[in-house]
Amino acid sequence: MADKPEKKNKKISKMNVSELDTALKKAKENNNTDTSRYVMHLSRRKEELQAGK
């Protein structure tokens, strides 16, 4: 049987800036606040990547 493999979530540490933007937008659409841990981690990682450029 040709089952499609499940799409796994990508780790925040492996995301690039555009993926982080998409994840932040999606998280905020799902009513996650700016103080949620997931949003805070995404924001922190985005800042790290932008500081390195």
# chains A, B, ... in the order shown; residues from 1 in each chain; ligands from 1
$ residues_around --residues "Gly52 of chain A" --least-positions-apart "6" --cutoff "12 Å" --atoms "only C-alpha atoms" --output "ChimeraX atom specification"
/A:17,45-46
$ write_last_selection --atoms "C-alpha atoms" --output "PDB file, in the first residue's frame"
ATOM      1  CA  VAL A  17      14.077  33.164   8.495  1.00  0.00           C
ATOM      2  CA  ARG A  45      15.535  32.247  16.951  1.00  0.00           C
ATOM      3  CA  LYS A  46      14.580  34.811  14.296  1.00  0.00           C
TER       4      LYS A  46
END
$ residues_around --residues "Lys10 of chain A" --least-positions-apart "5" --cutoff "12 Å" --atoms "only C-alpha atoms" --output "PyMOL selection string"
chain A and resi 15-16+19-20+23+42
$ atom_distance --atom1 "atom CA of Leu24 of chain A" --atom2 "atom CA of Pro5 of chain A"
25.0 Å
$ atom_distance --atom1 "atom CA of Ile12 of chain A" --atom2 "atom CA of His41 of chain A"
7.7 Å
$ select_by_dssp --residues "segment 1-32 of chain A" --states "helix (DSSP H, G or I)" --output "number ranges by chain"
A: 12-14, 17-29
$ closest_residue --among "A:Gln50, A:Lys25, A:Asn32, A:Arg44" --to "Ser13 of chain A" --atoms "only C-alpha atoms"
A:Arg44
